[in-house]
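Notes for the one structure printed next.
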Amino acid sequence: MNWPLEAFLSFLAAGAFGVIFNTPRRTLISCGLVGMSGWLIYRTFFLVFEDSVQASFAGAFVVSIVAHLLAKKFRMPMIIFSIAGIIPLVPGSKAYNAMRNIVEHNYLEAIAFASEALMISGAVAMGLVFAEVLMQLFFKRQAKRIQRKMGLTQE
């Protein structure tokens with residue numbers, strides 16, 4: 001496996017989709033970095049656990065966390081970074097192979113590919129949601145801490 005090449009290609013893919021989705025120019029490099037970080041986490045988990053579903057969950061989780069942090073930094077919606085960031089994690093080849101096998105009347109292979117594509121898609125969605133919940137709890141707790149320091153709460 002060629003880590004630098006994969007990092008560059010995932011950065012390029014996420015950045016290119018940032019261009020397609022018309023994100024602001026000043027965030028394109030950040031969109032690429034979000035996609036690259038998600039892909040590298042995915043590859044690391046895939047090499048360790050050899051399960052693309054778990055690896056997709058971990059990659060999407062990292063994408064969401066980094067997207068939240070960059071959204072705070074740039075004062076922009078998180079979706080700008082997360083949509084471009086999850087592009088490298090989308091199971092397009094699995095869905096394509098499922099459709100190809102349906103057309104070729106290989107239904108058992110099609111079911112295997114389709115079920116894996118569905119599980120990976122679900123793992124990506126769950127990773128995004130879990131990180132969202134975690135970040136909301138973190139930001140709420142941080143806001144309460146700041147309010148207590150400033151004496152704004154009625155405790």
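In the structure tokens, each chain is lettered A, B, ... as it comes, each chain's residues begin at 1, and ligands are numbered from 1 in order of appearance.
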*Within 8 Å of Ser37 (chain A), counting only C-alpha atoms, which residues show up once you throw out same-chain ones fewer than 5 positions away? Write them as a list in words, please.*
Ala7, Gly59, Val62 and Val63 of chain A
*Write out as an MDAnalysis selection string each polymer residue whose atoms come within 9 Å of Val129 (chain A), counting only C-alpha atoms; drop sequence neighbours fewer than 4 positions from it.*
chainID A and resid 61 64 124:125 133:134
*Measure the distance from CA of Phe21 (chain A) to CA of Pro91 (chain A) in Å and round it to one decimal.*
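We find that CA of Phe21 (chain A) and CA of Pro91 (chain A) lie 19.3 Å from each other.
Residues surrounding Ser52 (chain A) within 12 Å are A:Trp39, A:Ile41, A:Tyr42, A:Arg43, A:Thr44, A:Phe45, A:Phe46, A:Ala58, A:Gly59, A:Ala60, A:Leu89, A:Val90, A:Pro91, A:Lys94, A:Glu116, A:Ala117, A:Leu118, A:Met119, A:Ile120, A:Ser121, A:Gly122, A:Ala123, A:Val124 [only C-alpha atoms; sequence separation below 6 positions excluded].
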*In terms of the shortest atom-to-atom distance over only C-alpha atoms, which of A:Ile65, A:Ala13, A:Met76, A:Ile29 is closest to Phe130 (chain A)?*
A:Ile65
_Could you list, as a list in words, every residue within 10 Å of Glu132 (chain A), counting only C-alpha atoms and ignoring same-chain residues fewer than 5 positions away?_
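Contacts, with the query itself left out: Phe61, Ser64, Ile65, Ala67, His68, Met78, Met126, Gly127, Leu137 and Phe138 of chain A.
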Print the selection's residues with N, CA and C atoms to a file, as a short mmCIF file (atom, residue, chain, number, x, y, z; two decimals), in the first residue's frame.
```
data_model
loop_
_atom_site.label_atom_id
_atom_site.label_comp_id
_atom_site.auth_asym_id
_atom_site.auth_seq_id
_atom_site.Cartn_x
_atom_site.Cartn_y
_atom_site.Cartn_z
N PHE A 61 -16.60 8.88 11.40
CA PHE A 61 -16.54 9.51 12.72
C PHE A 61 -15.48 10.61 12.73
N SER A 64 -16.51 13.63 10.62
CA SER A 64 -17.47 14.49 11.31
C SER A 64 -16.81 15.33 12.40
N ILE A 65 -15.91 14.74 13.14
CA ILE A 65 -15.21 15.49 14.20
C ILE A 65 -14.39 16.63 13.58
N ALA A 67 -14.76 17.97 10.64
CA ALA A 67 -15.68 18.92 10.00
C ALA A 67 -16.26 19.88 11.04
N HIS A 68 -16.59 19.38 12.22
CA HIS A 68 -17.10 20.25 13.28
C HIS A 68 -16.07 21.28 13.70
N MET A 78 -21.23 23.00 9.10
CA MET A 78 -20.42 21.79 9.13
C MET A 78 -20.56 20.96 7.87
N MET A 126 -23.95 6.25 10.56
CA MET A 126 -23.83 6.14 12.02
C MET A 126 -22.60 6.87 12.54
N GLY A 127 -21.50 6.78 11.82
CA GLY A 127 -20.30 7.50 12.23
C GLY A 127 -20.52 9.01 12.27
N LEU A 137 -22.67 17.45 22.67
CA LEU A 137 -22.50 17.33 24.12
C LEU A 137 -21.26 18.10 24.58
N PHE A 138 -20.18 17.98 23.83
CA PHE A 138 -18.94 18.68 24.17
C PHE A 138 -19.14 20.19 24.13
#
```
